[in-house]
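Asks: Following this message is one structure expressed as structure tokens.
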Amino acid sequence: MPSPDPPIRLVISDFDGTIKPRLEPVAPEDCQVLRAMGRAGLVRAVATGRSLVSFLRDWPRELELDYLIYSSGLALCRWTPQGPGEHLFVKAFTPAEQVLGLSASLALEWGFLAFKAPPDSHAFYYLDPPRGPRSAGFQARLEQFKSVASPWPGFNPPEPLSQFLIMAPAEEFPALRTRFADLAPGLSITQSSSPYEDDCVWLEVFPGGVSKGSASQALVELLGWGPESAAAVGNDFNDEDLLAWAGRSFAVPGAPAELLARFEPLPGPGCVLARLWRALGH
């Protein structure tokens with residue numbers, strides 16, 4: 001007789017496009033489900049590409065969490081009713097990785113954003129695309145975060161960086177990703193959809209080994225469990241390694257076709273976490 005599936009003890013959800021619609025707040029029903037999960041003894045975490053400052057801006061106080069993975073796995077912190085607690089790790093480029101990533105970013109000639117290390121990963125330098133005008137998303141990003149955006153100083157800055165972001169037209173993205181990987185082997189590369197509806201895809205570059213999935217592995221090791229104890233839900237390519245890592249994984253409707261083909265589509269009507277809760281047998 002086959003052994004039963006191990007019980008799910010940890011739920012990890014992406015934020016934007018999963019429990020946080022683009023132009024709307026987290027649904028009250030999802031906040032209620034998180035409370036129910038806590039009462040049932042589950043550990044609750046969000047894994048987001050946002051910086052800590054950006055997450056705090058849209059975090060509803062009624063959204064109960066135990067842990068936050070932010071900046072796509074660069075940092076993991078405990079979460080309290082008052083907000084972020086103790087940081088369990090923070091990662092940044094080594095000096096050699098930073099030079100490698102910068103050299104590759106310059107060689108691609110698309111311009112880039114270069115983010116500081118957590119917890120200041122909301123702040124960044126920018127270099128305009130030398131091949132033409134800024135994309136609509138590039139311009140919108142600078143306008144949205146102009147208080148923390150600084151022009152690239154023309155040299156490798158002394159403080160540690162943690163991420164390079166390049167925005168490129170979707171049709172040019174596959175070749176760009178391949179070339180970057182050839183120029184900067186060993187760095188972690190992910191892609192995500194632009195939130196600015198400018199037909200660009202984002203190439204996001206992190207220190208080697210950094211991802212939502214690797215941060216989640218660090219979390220379960222801290223808890224003394226394994227990936228089979230975790231359920232995860234996401235909506236975009238930057239969630240792919242998290243979904244591949246977890247014991248049970250779900251992609252929300254509207255996710256890229258590749259994710260919906262590979263991971264279980266989240267069934268039923270209602271808000272995302274309510275549907276996940278039902279899919280887990282509650």
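Labeling convention for the structure tokens: chains A, B, ... as they appear, residues from 1 per chain, ligands from 1 in order of appearance.
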Determine, using only C-alpha atoms, which residues of segment 154-224 of chain A have any atom at most 10 Å from an atom of segment 83-103 of chain A, and tabulate each with its shortest atom pair and distance in Å to one decimal place, rows ordered by chain and then rising number, as JSON lines.
Replies:
```
{"residue": "A:Phe155", "atom": "CA", "partner": "A:Leu102", "partner_atom": "CA", "distance": 9.7}
{"residue": "A:Asn156", "atom": "CA", "partner": "A:Val99", "partner_atom": "CA", "distance": 7.4}
{"residue": "A:Pro157", "atom": "CA", "partner": "A:Gln98", "partner_atom": "CA", "distance": 9.7}
{"residue": "A:Pro158", "atom": "CA", "partner": "A:Pro95", "partner_atom": "CA", "distance": 9.4}
{"residue": "A:Glu159", "atom": "CA", "partner": "A:Pro95", "partner_atom": "CA", "distance": 9.7}
{"residue": "A:Pro160", "atom": "CA", "partner": "A:Ala92", "partner_atom": "CA", "distance": 6.4}
{"residue": "A:Leu161", "atom": "CA", "partner": "A:Ala92", "partner_atom": "CA", "distance": 5.9}
{"residue": "A:Ser162", "atom": "CA", "partner": "A:Ala92", "partner_atom": "CA", "distance": 4.3}
{"residue": "A:Gln163", "atom": "CA", "partner": "A:Phe93", "partner_atom": "CA", "distance": 7.8}
{"residue": "A:Phe164", "atom": "CA", "partner": "A:Gly101", "partner_atom": "CA", "distance": 7.3}
{"residue": "A:Phe180", "atom": "CA", "partner": "A:Gly101", "partner_atom": "CA", "distance": 8.6}
{"residue": "A:Ala181", "atom": "CA", "partner": "A:Gly101", "partner_atom": "CA", "distance": 9.8}
{"residue": "A:Leu183", "atom": "CA", "partner": "A:Leu100", "partner_atom": "CA", "distance": 7.8}
{"residue": "A:Ala184", "atom": "CA", "partner": "A:Leu100", "partner_atom": "CA", "distance": 5.8}
{"residue": "A:Pro185", "atom": "CA", "partner": "A:Leu100", "partner_atom": "CA", "distance": 8.6}
{"residue": "A:Gly186", "atom": "CA", "partner": "A:Glu97", "partner_atom": "CA", "distance": 8.5}
{"residue": "A:Leu187", "atom": "CA", "partner": "A:Glu97", "partner_atom": "CA", "distance": 7.3}
{"residue": "A:Val205", "atom": "CA", "partner": "A:Gly101", "partner_atom": "CA", "distance": 7.6}
{"residue": "A:Phe206", "atom": "CA", "partner": "A:Phe93", "partner_atom": "CA", "distance": 7.3}
{"residue": "A:Pro207", "atom": "CA", "partner": "A:Phe93", "partner_atom": "CA", "distance": 5.1}
{"residue": "A:Gly208", "atom": "CA", "partner": "A:Phe93", "partner_atom": "CA", "distance": 8.1}
{"residue": "A:Val210", "atom": "CA", "partner": "A:Lys91", "partner_atom": "CA", "distance": 8.0}
{"residue": "A:Ala215", "atom": "CA", "partner": "A:Phe89", "partner_atom": "CA", "distance": 9.1}
{"residue": "A:Ala218", "atom": "CA", "partner": "A:Phe89", "partner_atom": "CA", "distance": 9.2}
{"residue": "A:Leu219", "atom": "CA", "partner": "A:Leu88", "partner_atom": "CA", "distance": 8.9}
{"residue": "A:Leu222", "atom": "CA", "partner": "A:Leu88", "partner_atom": "CA", "distance": 9.4}
```
Asks: Could you pull out the strand (DSSP E) residues of segment 103-270 of chain A from DSSP and send them as a ChimeraX atom specification?
Replies: /A:112-116,124-127,149-151,161-169,188-193,200-206,230-234,248-251,264-265
Asks: Got a sec to tell me which of segment 83-123 of chain A DSSP assigns to helix (DSSP H, G or I), as a count of residues only?
Replies: 14
Asks: Can you list, as an MDAnalysis selection string, every protein, DNA or RNA residue that comes within 9 Å of Ala230 of chain A when you count only C-alpha atoms, leaving out same-chain residues fewer than 3 positions away?
Replies: chainID A and resid 7:12 216 220 225:227 245:249
Asks: Any chance you can output those residues with C-alpha atoms as a short mmCIF file (atom, residue, chain, number, x, y, z; two decimals), in the first residue's frame?
Replies:
```
data_model
loop_
_atom_site.label_atom_id
_atom_site.label_comp_id
_atom_site.auth_asym_id
_atom_site.auth_seq_id
_atom_site.Cartn_x
_atom_site.Cartn_y
_atom_site.Cartn_z
CA PRO A 7 1.39 16.73 5.53
CA ILE A 8 1.78 20.30 4.33
CA ARG A 9 3.20 22.41 7.17
CA LEU A 10 4.34 25.52 5.27
CA VAL A 11 2.52 27.66 2.70
CA ILE A 12 4.56 30.04 0.52
CA SER A 216 12.61 28.66 0.76
CA VAL A 220 12.58 24.75 5.76
CA TRP A 225 11.59 20.11 7.57
CA GLY A 226 12.00 19.41 3.86
CA PRO A 227 10.47 20.68 0.60
CA TRP A 245 11.10 23.10 -5.34
CA ALA A 246 7.91 22.75 -3.27
CA GLY A 247 6.20 19.48 -2.45
CA ARG A 248 2.92 20.78 -3.89
CA SER A 249 2.81 23.62 -6.38
#
```
Asks: Would you mind telling me which residue in A:Ser13, A:Thr48, A:Ser192, A:Ser147 lies nearest to Ala231 of chain A when using only C-alpha atoms?
Replies: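 When distances to Ala231 of chain A are compared using only C-alpha atoms, the smallest one comes from A:Ser13.
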Asks: Near Gly213 of chain A, counting only C-alpha atoms, which residues have an atom at most 10 Å away, once you skip same-chain residues fewer than 6 positions from it, shown as a ChimeraX atom specification?
Replies: /A:47,69,72-73,219,227,232,238-246
Asks: Generate a file of the selected residues that holds C-alpha atoms, formatted as a compact mmCIF listing (two decimals), in the first residue's frame.
Replies:
```txt
# COMPACT_ATOMS: atom_id res chain seq x y z
CA ALA A 47 8.13 35.18 -1.40
CA ILE A 69 11.34 36.30 1.51
CA SER A 72 13.50 37.39 -5.09
CA GLY A 73 15.43 35.50 -2.43
CA LEU A 219 13.61 28.42 5.58
CA PRO A 227 10.47 20.68 0.60
CA ALA A 232 3.68 27.08 -3.04
CA ASN A 238 10.33 34.27 -11.42
CA ASP A 239 8.24 31.81 -9.36
CA GLU A 240 9.26 28.81 -11.45
CA ASP A 241 12.10 27.57 -9.27
CA LEU A 242 9.96 28.02 -6.14
CA LEU A 243 7.19 25.95 -7.69
CA ALA A 244 9.65 23.30 -8.87
CA TRP A 245 11.10 23.10 -5.34
CA ALA A 246 7.91 22.75 -3.27
```
Asks: Measuring between only C-alpha atoms, which one of A:Ala140, A:His282, A:Thr190, A:Phe115 shows the shortest distance to Phe173 of chain A?
Replies: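 That would be A:Thr190, the residue with the smallest distance to Phe173 of chain A.
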Asks: With a cut-off of 7 Å, could you pull out the residues of segment 176-253 of chain A touching segment 257-267 of chain A and give me the nearest pair of atoms for each, distance in Å to one decimal, using only C-alpha atoms, ordered by chain and ascending number, as CSV?
Replies:
```
residue,atom,partner,partner_atom,distance
A:Ser249,CA,A:Phe263,CA,6.1
A:Phe250,CA,A:Glu264,CA,4.7
A:Ala251,CA,A:Pro265,CA,4.9
A:Val252,CA,A:Leu266,CA,5.3
A:Pro253,CA,A:Pro265,CA,6.7
```
Asks: At what distance in Å, to one decimal, does atom CA of Arg44 of chain A lie from atom CA of Arg57 of chain A?
Replies: 19.6 Å
Asks: Which residue is closest to Val233 of chain A? Choose from A:Pro256, A:Leu273, A:Cys200, A:Gly154 and count only C-alpha atoms.
Replies: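 Closest to Val233 of chain A of all the choices is A:Leu273.
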Asks: Give me, please, the distance in Å between atom CA of Leu142 of chain A and atom CA of Leu56 of chain A, quoted to one decimal.
Replies: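 That distance, rounded to one decimal, is 19.5 Å.
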Asks: List as a VMD selection string the protein and nucleic acid residues near Asp199 of chain A, meaning an atom at most 10 Å away when only C-alpha atoms are counted, but skip any in the same chain fewer than 4 places from it.
Replies: chain A and resid 135 to 137 167 to 171 193 to 195
Asks: Put those residues in a file: C-alpha atoms, as an mmCIF file, in the first residue's frame.
Replies:
```cif
data_model
loop_
_atom_site.group_PDB
_atom_site.id
_atom_site.type_symbol
_atom_site.label_atom_id
_atom_site.label_comp_id
_atom_site.auth_asym_id
_atom_site.auth_seq_id
_atom_site.Cartn_x
_atom_site.Cartn_y
_atom_site.Cartn_z
ATOM 1 C CA SER A 135 11.464 52.003 -22.845
ATOM 2 C CA ALA A 136 8.146 53.061 -21.332
ATOM 3 C CA GLY A 137 8.816 50.732 -18.386
ATOM 4 C CA MET A 167 14.530 45.548 -19.679
ATOM 5 C CA ALA A 168 14.446 44.312 -23.274
ATOM 6 C CA PRO A 169 11.772 43.783 -25.960
ATOM 7 C CA ALA A 170 10.185 40.355 -25.710
ATOM 8 C CA GLU A 171 11.350 39.279 -29.172
ATOM 9 C CA SER A 193 6.956 40.062 -17.002
ATOM 10 C CA SER A 194 7.093 43.836 -17.023
ATOM 11 C CA PRO A 195 4.344 45.375 -14.870
#
```
Asks: With only C-alpha atoms as the counted atoms, please give the residues lying no more than 12 Å from Arg131 of chain A, apart from itself and same-chain residues fewer than 6 positions off, as a ChimeraX atom specification.
Replies: /A:106-111,168
Asks: At a cut-off of 8 Å, using only C-alpha atoms, what residues contact segment 24-29 of chain A? Leave out same-chain residues fewer than 4 positions from it and give the result as a count of residues only.
Replies: 7
